[in-house]
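**Q** Just one file: model_21.cif, with mmCIF, C-alpha atoms and all ligand atoms.
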data_model
#
loop_
_atom_site.label_atom_id
_atom_site.label_comp_id
_atom_site.auth_asym_id
_atom_site.auth_seq_id
_atom_site.Cartn_x
_atom_site.Cartn_y
_atom_site.Cartn_z
CA MET W 1 48.65 97.60 -25.77
CA ALA W 2 45.05 98.56 -26.60
CA HIS W 3 43.21 101.58 -25.28
CA ILE W 4 40.59 100.30 -22.81
CA ILE W 5 37.19 101.80 -23.56
CA ASP W 6 35.57 102.86 -20.29
CA GLY W 7 31.89 102.08 -20.83
CA LYS W 8 31.09 102.76 -17.20
CA ALA W 9 32.37 106.34 -17.40
CA PHE W 10 30.72 106.90 -20.81
CA ALA W 11 27.38 105.60 -19.48
CA LYS W 12 27.63 107.82 -16.40
CA GLN W 13 28.19 110.87 -18.61
CA LEU W 14 25.29 109.83 -20.86
CA ARG W 15 22.98 109.51 -17.83
CA LEU W 16 24.02 113.01 -16.68
CA THR W 17 23.20 114.39 -20.14
CA ILE W 18 19.84 112.59 -20.06
CA GLY W 19 19.14 114.02 -16.59
CA ALA W 20 19.78 117.53 -17.93
CA GLN W 21 17.50 116.87 -20.92
CA VAL W 22 14.74 115.65 -18.58
CA ALA W 23 15.12 118.81 -16.46
CA THR W 24 14.72 120.95 -19.60
CA LEU W 25 11.67 118.98 -20.74
CA LYS W 26 10.07 119.55 -17.33
CA ALA W 27 10.91 123.25 -17.17
CA ASP W 28 10.08 124.17 -20.77
CA HIS W 29 7.22 121.78 -21.61
CA ASP W 30 5.96 120.35 -18.32
CA ILE W 31 6.89 116.85 -19.56
CA THR W 32 8.27 114.19 -17.19
CA PRO W 33 9.20 111.09 -19.23
CA GLY W 34 7.87 107.86 -17.69
CA LEU W 35 9.15 104.30 -18.08
CA ALA W 36 7.08 101.24 -17.17
CA VAL W 37 8.95 97.99 -16.58
CA VAL W 38 7.01 94.73 -16.46
CA LEU W 39 8.54 91.70 -14.74
CA VAL W 40 6.80 88.33 -14.79
CA GLY W 41 8.13 85.74 -12.34
CA GLU W 42 11.03 85.65 -9.91
CA ASP W 43 14.09 85.10 -12.10
CA PRO W 44 16.91 86.47 -9.87
CA ALA W 45 18.95 88.04 -12.69
CA SER W 46 15.82 89.75 -14.09
CA GLN W 47 14.98 91.10 -10.64
CA VAL W 48 18.42 92.72 -10.40
CA TYR W 49 18.06 94.25 -13.89
CA VAL W 50 14.59 95.61 -13.11
CA ARG W 51 15.75 97.11 -9.81
CA ASN W 52 18.71 98.83 -11.52
CA LYS W 53 16.52 100.12 -14.33
CA ALA W 54 14.02 101.63 -11.87
CA LYS W 55 16.81 103.21 -9.77
CA GLN W 56 18.54 104.81 -12.74
CA THR W 57 15.23 106.00 -14.22
CA LEU W 58 14.43 107.86 -10.99
CA GLU W 59 18.00 109.23 -10.73
CA ALA W 60 17.59 110.77 -14.19
CA GLY W 61 14.49 112.61 -12.93
CA MET W 62 11.99 110.42 -14.80
CA ARG W 63 8.97 108.52 -13.54
CA SER W 64 9.35 104.80 -13.00
CA PHE W 65 6.43 102.40 -12.93
CA GLU W 66 7.19 98.85 -11.87
CA HIS W 67 4.73 96.02 -12.52
CA ARG W 68 5.68 92.71 -10.91
CA LEU W 69 3.47 89.79 -11.85
CA SER W 70 3.54 86.23 -10.55
CA ALA W 71 5.22 83.44 -12.54
CA ASN W 72 1.84 81.85 -13.36
CA THR W 73 0.40 85.00 -14.97
CA THR W 74 -1.57 84.19 -18.13
CA GLU W 75 -0.83 85.71 -21.52
CA ILE W 76 -4.29 87.31 -21.49
CA ASP W 77 -3.60 89.07 -18.19
CA LEU W 78 -0.20 90.30 -19.38
CA LEU W 79 -1.70 91.56 -22.66
CA ALA W 80 -4.40 93.39 -20.66
CA LEU W 81 -1.70 95.18 -18.63
CA ILE W 82 0.13 96.15 -21.82
CA THR W 83 -3.08 97.57 -23.32
CA GLU W 84 -3.53 99.62 -20.15
CA LEU W 85 0.07 100.95 -20.32
CA ASN W 86 -0.30 101.69 -24.05
CA GLY W 87 -3.24 103.96 -23.20
CA ASP W 88 -1.63 105.67 -20.20
CA PRO W 89 -0.28 109.10 -21.23
CA SER W 90 2.13 109.24 -18.25
CA VAL W 91 3.90 106.13 -19.61
CA ASN W 92 6.18 107.01 -22.55
CA GLY W 93 8.20 103.81 -22.62
CA ILE W 94 7.29 100.19 -21.91
CA LEU W 95 9.80 97.43 -21.31
CA VAL W 96 8.82 93.81 -20.79
CA GLN W 97 11.70 92.05 -19.07
CA LEU W 98 12.72 88.85 -20.88
CA PRO W 99 12.70 85.90 -20.58
CA LEU W 100 8.96 85.37 -20.04
CA PRO W 101 7.55 82.14 -18.53
CA GLU W 102 6.84 79.43 -21.08
CA GLN W 103 3.01 79.72 -20.98
CA ILE W 104 3.40 83.19 -22.55
CA ASN W 105 4.12 83.78 -26.23
CA THR W 106 6.97 86.31 -26.15
CA GLU W 107 6.46 87.51 -29.73
CA ALA W 108 2.76 88.19 -29.15
CA VAL W 109 3.59 90.22 -26.06
CA LEU W 110 6.38 92.25 -27.68
CA ASP W 111 4.17 93.03 -30.65
CA ALA W 112 1.33 94.18 -28.36
CA VAL W 113 3.45 97.07 -27.09
CA ASP W 114 2.67 100.37 -28.83
CA PRO W 115 5.63 100.71 -31.27
CA ASP W 116 6.05 104.36 -30.23
CA LYS W 117 6.50 103.24 -26.60
CA ASP W 118 8.68 100.24 -27.49
CA VAL W 119 11.91 101.48 -25.86
CA ASP W 120 13.54 98.06 -26.29
CA GLY W 121 13.11 98.28 -30.07
CA PHE W 122 11.86 94.67 -30.30
CA HIS W 123 8.44 95.36 -31.91
CA ILE W 124 8.32 94.00 -35.46
CA LEU W 125 7.61 97.51 -36.79
CA ASN W 126 10.76 98.90 -35.18
CA VAL W 127 12.74 95.88 -36.43
CA GLY W 128 11.49 96.72 -39.93
CA ARG W 129 12.23 100.42 -39.56
CA LEU W 130 15.81 99.65 -38.56
CA ALA W 131 16.15 97.21 -41.47
CA ILE W 132 15.20 99.92 -44.01
CA GLY W 133 17.22 102.62 -42.21
CA ALA W 134 14.10 104.57 -41.12
CA GLU W 135 13.67 106.37 -37.81
CA GLY W 136 12.32 104.12 -35.04
CA MET W 137 13.30 102.70 -31.67
CA VAL W 138 16.71 101.01 -31.67
CA PRO W 139 17.55 98.10 -29.31
CA CYS W 140 19.55 99.37 -26.34
CA THR W 141 22.65 97.14 -26.36
CA PRO W 142 23.54 97.66 -30.06
CA LEU W 143 22.77 101.37 -29.69
CA GLY W 144 25.22 101.53 -26.77
CA CYS W 145 27.89 99.70 -28.79
CA THR W 146 27.45 102.16 -31.67
CA MET W 147 27.82 105.14 -29.34
CA LEU W 148 31.07 103.70 -27.93
CA LEU W 149 32.39 103.01 -31.44
CA LYS W 150 31.61 106.51 -32.71
CA ASP W 151 33.20 108.04 -29.63
CA GLN W 152 36.32 105.95 -30.20
CA LEU W 153 36.63 106.11 -33.99
CA GLY W 154 34.55 109.07 -35.16
CA ASP W 155 33.34 108.33 -38.68
CA LEU W 156 32.78 104.58 -39.18
CA SER W 157 32.23 104.90 -42.93
CA GLY W 158 34.00 102.29 -45.08
CA LYS W 159 35.32 100.25 -42.16
CA GLN W 160 35.23 96.44 -42.26
CA ALA W 161 32.97 95.32 -39.42
CA LEU W 162 32.36 91.77 -38.27
CA VAL W 163 29.45 90.96 -35.96
CA LEU W 164 29.89 87.60 -34.29
CA GLY W 165 26.35 86.41 -33.39
CA ARG W 166 23.01 86.83 -35.19
CA SER W 167 20.44 87.05 -32.39
CA ASN W 168 17.43 89.32 -32.78
CA ILE W 169 18.37 91.35 -29.71
CA VAL W 170 22.07 91.95 -30.39
CA GLY W 171 23.67 90.57 -33.56
CA LYS W 172 21.10 91.48 -36.23
CA PRO W 173 20.29 95.01 -35.00
CA MET W 174 24.03 95.61 -34.47
CA ALA W 175 24.71 94.69 -38.09
CA ALA W 176 21.88 96.97 -39.27
CA LEU W 177 23.27 99.90 -37.27
CA LEU W 178 26.79 99.39 -38.64
CA LEU W 179 25.37 99.26 -42.15
CA LYS W 180 23.57 102.54 -41.44
CA GLU W 181 26.98 103.95 -40.45
CA HIS W 182 28.28 102.83 -43.86
CA CYS W 183 30.48 99.98 -42.64
CA THR W 184 31.08 96.91 -44.78
CA VAL W 185 29.40 94.35 -42.57
CA THR W 186 29.92 90.61 -42.18
CA ILE W 187 27.68 88.61 -39.85
CA ALA W 188 29.22 85.42 -38.46
CA HIS W 189 27.46 82.64 -36.53
CA SER W 190 27.76 78.99 -35.57
CA ARG W 191 27.85 77.80 -39.21
CA THR W 192 30.50 80.29 -40.35
CA ARG W 193 33.59 78.64 -41.85
CA GLN W 194 37.13 79.88 -41.14
CA LEU W 195 35.78 82.06 -38.34
CA ALA W 196 39.21 83.20 -37.11
CA ASP W 197 40.16 84.33 -40.65
CA GLU W 198 36.88 86.24 -40.98
CA CYS W 199 37.54 87.98 -37.66
CA ARG W 200 41.09 88.91 -38.67
CA ARG W 201 39.76 90.96 -41.59
CA ALA W 202 37.73 93.25 -39.33
CA ASP W 203 38.59 96.83 -38.35
CA ILE W 204 35.65 96.59 -35.95
CA LEU W 205 34.89 93.30 -34.20
CA ILE W 206 31.70 92.91 -32.18
CA ALA W 207 31.51 89.70 -30.15
CA ALA W 208 27.98 88.65 -29.08
CA VAL W 209 28.08 84.87 -28.86
CA GLY W 210 27.68 83.98 -25.19
CA ARG W 211 30.82 81.76 -25.23
CA PRO W 212 33.35 82.67 -22.53
CA GLN W 213 36.64 84.05 -23.93
CA MET W 214 36.10 82.46 -27.33
CA VAL W 215 37.74 85.20 -29.43
CA LYS W 216 41.51 84.95 -29.01
CA GLY W 217 44.13 87.61 -29.55
CA ASP W 218 45.36 85.98 -32.76
CA TRP W 219 41.83 86.28 -34.27
CA ILE W 220 42.14 90.04 -34.11
CA LYS W 221 43.57 92.36 -36.74
CA PRO W 222 46.33 94.49 -35.14
CA GLY W 223 44.86 97.88 -34.21
CA ALA W 224 41.21 96.78 -34.55
CA THR W 225 38.48 98.06 -32.24
CA VAL W 226 36.91 95.22 -30.26
CA ILE W 227 33.51 95.50 -28.59
CA ASP W 228 32.77 92.61 -26.26
CA VAL W 229 29.03 92.23 -25.61
CA GLY W 230 29.32 88.87 -23.87
CA ILE W 231 28.46 88.43 -20.20
CA ASN W 232 29.44 84.96 -18.98
CA ARG W 233 29.75 83.77 -15.42
CA VAL W 234 32.67 81.35 -14.94
CA ASP W 235 34.42 79.81 -11.94
CA GLY W 236 37.24 81.98 -10.60
CA ASN W 237 40.49 80.73 -9.02
CA ASN W 238 39.32 81.63 -5.51
CA GLY W 239 36.23 79.41 -5.57
CA LYS W 240 33.99 82.38 -6.39
CA SER W 241 32.46 83.02 -9.81
CA ARG W 242 33.50 85.96 -11.98
CA LEU W 243 32.24 87.62 -15.16
CA VAL W 244 34.09 87.31 -18.45
CA GLY W 245 33.25 88.39 -21.97
CA ASP W 246 33.21 86.51 -25.27
CA VAL W 247 36.73 87.81 -25.94
CA ASP W 248 39.87 86.51 -24.27
CA PHE W 249 40.76 89.92 -22.88
CA ASP W 250 44.37 89.20 -21.85
CA SER W 251 45.49 88.10 -25.32
CA ALA W 252 43.19 90.54 -27.19
CA VAL W 253 44.42 93.62 -25.33
CA GLU W 254 47.93 92.97 -26.74
CA VAL W 255 46.73 93.15 -30.34
CA ALA W 256 43.67 95.39 -30.53
CA GLY W 257 43.80 99.17 -30.90
CA ALA W 258 40.91 99.59 -28.45
CA ILE W 259 38.79 97.14 -26.49
CA THR W 260 35.86 97.13 -24.06
CA PRO W 261 36.41 95.25 -20.79
CA VAL W 262 33.89 92.92 -19.11
CA PRO W 263 32.54 94.09 -16.75
CA GLY W 264 32.59 97.87 -17.28
CA GLY W 265 32.30 98.01 -21.07
CA VAL W 266 29.04 97.46 -22.93
CA GLY W 267 27.00 96.39 -19.87
CA PRO W 268 26.52 99.84 -18.30
CA MET W 269 25.59 101.31 -21.70
CA THR W 270 22.46 99.15 -22.01
CA ILE W 271 20.45 100.82 -19.22
CA ALA W 272 21.77 104.28 -20.15
CA CYS W 273 20.44 103.69 -23.69
CA LEU W 274 17.10 102.57 -22.27
CA LEU W 275 16.82 105.95 -20.56
CA HIS W 276 17.95 107.64 -23.79
CA ASN W 277 15.20 105.82 -25.71
CA THR W 278 12.59 106.79 -23.11
CA VAL W 279 13.44 110.46 -23.57
CA THR W 280 13.32 109.99 -27.36
CA ALA W 281 9.87 108.37 -27.04
CA ALA W 282 8.56 111.13 -24.77
CA CYS W 283 9.78 113.87 -27.14
CA ARG W 284 8.21 112.18 -30.17
CA GLN W 285 4.90 111.54 -28.39
CA HIS W 286 4.68 115.21 -27.39
CA GLY W 287 5.96 116.51 -30.74
CA VAL W 288 8.89 118.40 -29.20
CA SER W 289 12.54 118.16 -30.22
CA ARG W 290 15.03 116.53 -27.89
CA PRO W 291 16.85 119.13 -25.76
CA ALA W 292 20.58 119.49 -26.57
P1 LIG W 301 22.17 84.19 -28.39
O1 LIG W 301 22.46 82.92 -27.69
O2 LIG W 301 20.76 84.55 -28.68
O3 LIG W 301 22.98 84.23 -29.77
C1 LIG W 301 24.29 83.78 -29.84
C2 LIG W 301 24.79 83.85 -31.25
O4 LIG W 301 26.12 83.39 -31.28
C3 LIG W 301 24.00 83.00 -32.24
O5 LIG W 301 23.77 83.72 -33.41
C4 LIG W 301 24.90 81.78 -32.48
O6 LIG W 301 24.85 81.28 -33.79
C5 LIG W 301 26.27 82.37 -32.27
N1 LIG W 301 27.20 81.35 -31.80
C6 LIG W 301 27.06 80.52 -30.76
N2 LIG W 301 28.12 79.71 -30.67
C7 LIG W 301 28.95 80.01 -31.69
C8 LIG W 301 30.20 79.52 -32.13
N3 LIG W 301 30.82 78.53 -31.49
N4 LIG W 301 30.76 80.07 -33.21
C9 LIG W 301 30.15 81.08 -33.86
N5 LIG W 301 28.95 81.61 -33.49
C10 LIG W 301 28.37 81.06 -32.42
O7 LIG W 301 22.89 85.33 -27.51
P2 LIG W 301 22.58 86.91 -27.37
O8 LIG W 301 22.78 87.59 -28.67
O9 LIG W 301 21.33 87.10 -26.63
O10 LIG W 301 23.78 87.30 -26.37
C11 LIG W 301 25.13 87.16 -26.72
C12 LIG W 301 25.99 87.53 -25.51
O11 LIG W 301 25.77 88.89 -25.17
C13 LIG W 301 25.67 86.72 -24.24
O12 LIG W 301 26.87 86.54 -23.52
C14 LIG W 301 24.75 87.66 -23.46
O13 LIG W 301 24.81 87.44 -22.06
C15 LIG W 301 25.34 89.00 -23.81
N6 LIG W 301 24.40 90.12 -23.73
C16 LIG W 301 24.85 91.25 -23.11
C17 LIG W 301 24.06 92.36 -23.00
C18 LIG W 301 24.60 93.59 -22.35
O14 LIG W 301 23.85 94.41 -21.87
N7 LIG W 301 25.92 93.78 -22.35
C19 LIG W 301 22.69 92.38 -23.52
C20 LIG W 301 22.32 91.17 -24.25
C21 LIG W 301 23.17 90.09 -24.33
P3 LIG W 301 23.53 80.55 -34.41
O15 LIG W 301 22.56 81.65 -34.70
O16 LIG W 301 24.06 79.91 -35.64
O17 LIG W 301 23.05 79.60 -33.37
#
Mind converting the file's structure to structure tokens?

**A**
Amino acid sequence: MAHIIDGKAFAKQLRLTIGAQVATLKADHDITPGLAVVLVGEDPASQVYVRNKAKQTLEAGMRSFEHRLSANTTEIDLLALITELNGDPSVNGILVQLPLPEQINTEAVLDAVDPDKDVDGFHILNVGRLAIGAEGMVPCTPLGCTMLLKDQLGDLSGKQALVLGRSNIVGKPMAALLLKEHCTVTIAHSRTRQLADECRRADILIAAVGRPQMVKGDWIKPGATVIDVGINRVDGNNGKSRLVGDVDFDSAVEVAGAITPVPGGVGPMTIACLLHNTVTAACRQHGVSRPA
């Protein structure tokens, strides 16, 4: 039976550490890190995410700036807001909640954010920095997965890792981070042949496909560490919906050495890493080192 990795507890501890770092930055340098979150439109899931981000930012002792724009906002108006936030010294991190309405070019908006304030790590410059192994801003979800893996396994060097999914926000940056940790990395996607066999070779299996319970127990190498990024809403037995991951937890938990549950695994790490990145950005912008 696998060890169940408690991402909720890990994220809580990380937020406490961040809160202590923020207190030190205030006391020693008179710096209060600030995060601006921009939401365009009324997407219900995005509204929940933005509310949680603002709440946790304040709880960590940081400043939170929320900008809610109507669904028919033009790209020009959104770009004007980003220019304003780029120039505001009290804003150290900027996050534009995705998805954006279709009249707005997402790439143009993401690339308008000052790369030093790009706490989501989606600016092309930060994508490039990660690709060459240079210091930059790292996307929150893959960063959270890496923290959980290092906590579970220690040194990742030489391990066989398989990343299932090649999106720009999860799969590709995840693969780059594992490569940086000296894993031997395979990236699998919808055209991969013999997918189950590929998965069975992995000491570390990251599932980020968005297909409910797709990865079965017999796809997993006995003792492997499984990180389930997927968040899928499916119908439950009681007529209500419930969340499941991309891994079939019940069969996987019998084979894996360690596994993240859904919910309570990777999910809580994403916002904690956003706060972590905001502190990183504030420290770099002020030229001070991050408190221990
Ligand atoms: P995308 O839809 O952008 O990417 C999915 C990837 O999975 C693609 O690369 C696709 O391949 C691949 N894929 C799809 N179907 C198959 C298949 N049958 N066999 C093999 N590969 C397949 O998803 P995201 O990366 O944005 O998200 C993945 C999951 O992670 C989702 O469930 C999402 O909700 C969740 N998520 C969770 C977060 C968190 O905070 N925990 C944050 C972000 C995402 P191809 O490229 O060939 O089409």

**Q** Using all atoms listed in the file - which residues lie no farther than 9 Å from the point (23.7, 108.4, -19.4) in the file's frame? Write them as a list in words.

**A**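 All residues meeting the 9 Å criterion around (23.7, 108.4, -19.4) are Phe10, Ala11, Lys12, Gln13, Leu14, Arg15, Leu16, Thr17, Ile18, Gly19, Ala60, Met269, Ile271, Ala272, Cys273, Leu275 and His276 of chain W.
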
**Q** Would you export the selected residues with C-alpha atoms as an mmCIF file, keeping the file's coordinate frame, please?

**A**
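File produced: result_35.cif:
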data_model
loop_
_atom_site.group_PDB
_atom_site.id
_atom_site.type_symbol
_atom_site.label_atom_id
_atom_site.label_comp_id
_atom_site.auth_asym_id
_atom_site.auth_seq_id
_atom_site.Cartn_x
_atom_site.Cartn_y
_atom_site.Cartn_z
ATOM 1 C CA PHE W 10 30.720 106.900 -20.810
ATOM 2 C CA ALA W 11 27.380 105.600 -19.480
ATOM 3 C CA LYS W 12 27.630 107.820 -16.400
ATOM 4 C CA GLN W 13 28.190 110.870 -18.610
ATOM 5 C CA LEU W 14 25.290 109.830 -20.860
ATOM 6 C CA ARG W 15 22.980 109.510 -17.830
ATOM 7 C CA LEU W 16 24.020 113.010 -16.680
ATOM 8 C CA THR W 17 23.200 114.390 -20.140
ATOM 9 C CA ILE W 18 19.840 112.590 -20.060
ATOM 10 C CA GLY W 19 19.140 114.020 -16.590
ATOM 11 C CA ALA W 60 17.590 110.770 -14.190
ATOM 12 C CA MET W 269 25.590 101.310 -21.700
ATOM 13 C CA ILE W 271 20.450 100.820 -19.220
ATOM 14 C CA ALA W 272 21.770 104.280 -20.150
ATOM 15 C CA CYS W 273 20.440 103.690 -23.690
ATOM 16 C CA LEU W 275 16.820 105.950 -20.560
ATOM 17 C CA HIS W 276 17.950 107.640 -23.790
#

**Q** Of the candidates W:Asp116, W:Val91, W:Gly34, W:Asp77, which one gets nearest to W:Ile104 if we count only C-alpha atoms?

**A** W:Asp77

**Q** Please measure the separation of atom CA of W:Leu81 and atom CA of W:Gly61, giving the value in Å to one decimal.

**A**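 That distance, rounded to one decimal, is 24.5 Å.
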
**Q** Within 6 Å of ligand LIG 301 (chain W), which residues show up when you count all atoms listed in the file? List them as a list in words, please.

**A** Thr141, Gly165, Arg166, Ser167, Ile169, Val170, Gly171, His189, Ser190, Arg191, Ala208, Val209, Gly210, Val229, Gly230, Ile231, Asn232, Val266, Gly267 and Thr270 of chain W

**Q** Rounded to one decimal, what separation in Å do you get between atom CA of W:Ala224 and atom CA of W:Val247?

**A**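 Pair atom CA of W:Ala224 / atom CA of W:Val247 returns 13.2 Å.
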
**Q** What gap, in Å, lies between atom CA of W:Asp248 and atom CA of W:Lys216?

**A** 5.3 Å

**Q** Find, counting all atoms listed in the file, the residue in W:Pro212, W:Gly87, W:Gly158, W:Gly217 that gets nearest to W:Cys199.

**A**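 Looking at the shortest contact to W:Cys199, the residue is W:Gly217.
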
**Q** For W:Asn168, find every residue with an atom within 9 Å (counting only C-alpha atoms), except residues of its own chain fewer than 3 positions away, and show them as JSON, numbers by chain.

**A** {"W": [122, 127, 171, 172, 173]}

**Q** Give me the residues near W:Gln213 as a list in words, where near means some atom within 12 Å (using all atoms listed in the file) and where sequence neighbours in that chain fewer than 6 positions away do not count.

**A**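 After dropping sequence-adjacent residues, the list is Ala207, Trp219, Asp228, Val229, Gly230, Ile231, Asn232, Arg233, Val234, Leu243, Val244, Gly245, Asp246, Val247, Asp248, Phe249, Asp250, Ser251, Ala252, Pro261 and Val262 of chain W.
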
**Q** Identify, on the basis of only C-alpha atoms, every residue whose closest approach to stretch 128-139 of chain W does not exceed 9 Å; exclude the query and any residue fewer than 3 positions from it along the same chain; express the result as a list in words.

**A**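 Residues meeting the cut-off are Pro115, Asp116, Lys117, Asp118, Val119, Asp120, Gly121, Phe122, His123, Ile124, Leu125, Pro142, Leu143, Gly144, Ile169, Val170, Pro173, Met174, Ala176, Leu177, Leu179, Lys180, Thr270, Cys273, Leu274, Asn277, Thr280 and Ala281 of chain W.
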
**Q** So that I can check the surroundings of stretch 25-30 of chain W, please list as a PyMOL selection string every protein, DNA and RNA residue that reaches within 12 Å of it, counting all atoms listed in the file and ignoring chain neighbours fewer than 6 positions away.

**A** chain W and resi 18-19+60-63+90+279-280+282-283+286-292

**Q** Store the residues picked out above, limited to C-alpha atoms, as a short mmCIF file (atom, residue, chain, number, x, y, z; two decimals), in the frame of the given file.

**A**
data_model
loop_
_atom_site.label_atom_id
_atom_site.label_comp_id
_atom_site.auth_asym_id
_atom_site.auth_seq_id
_atom_site.Cartn_x
_atom_site.Cartn_y
_atom_site.Cartn_z
CA ILE W 18 19.84 112.59 -20.06
CA GLY W 19 19.14 114.02 -16.59
CA ALA W 60 17.59 110.77 -14.19
CA GLY W 61 14.49 112.61 -12.93
CA MET W 62 11.99 110.42 -14.80
CA ARG W 63 8.97 108.52 -13.54
CA SER W 90 2.13 109.24 -18.25
CA VAL W 279 13.44 110.46 -23.57
CA THR W 280 13.32 109.99 -27.36
CA ALA W 282 8.56 111.13 -24.77
CA CYS W 283 9.78 113.87 -27.14
CA HIS W 286 4.68 115.21 -27.39
CA GLY W 287 5.96 116.51 -30.74
CA VAL W 288 8.89 118.40 -29.20
CA SER W 289 12.54 118.16 -30.22
CA ARG W 290 15.03 116.53 -27.89
CA PRO W 291 16.85 119.13 -25.76
CA ALA W 292 20.58 119.49 -26.57
#
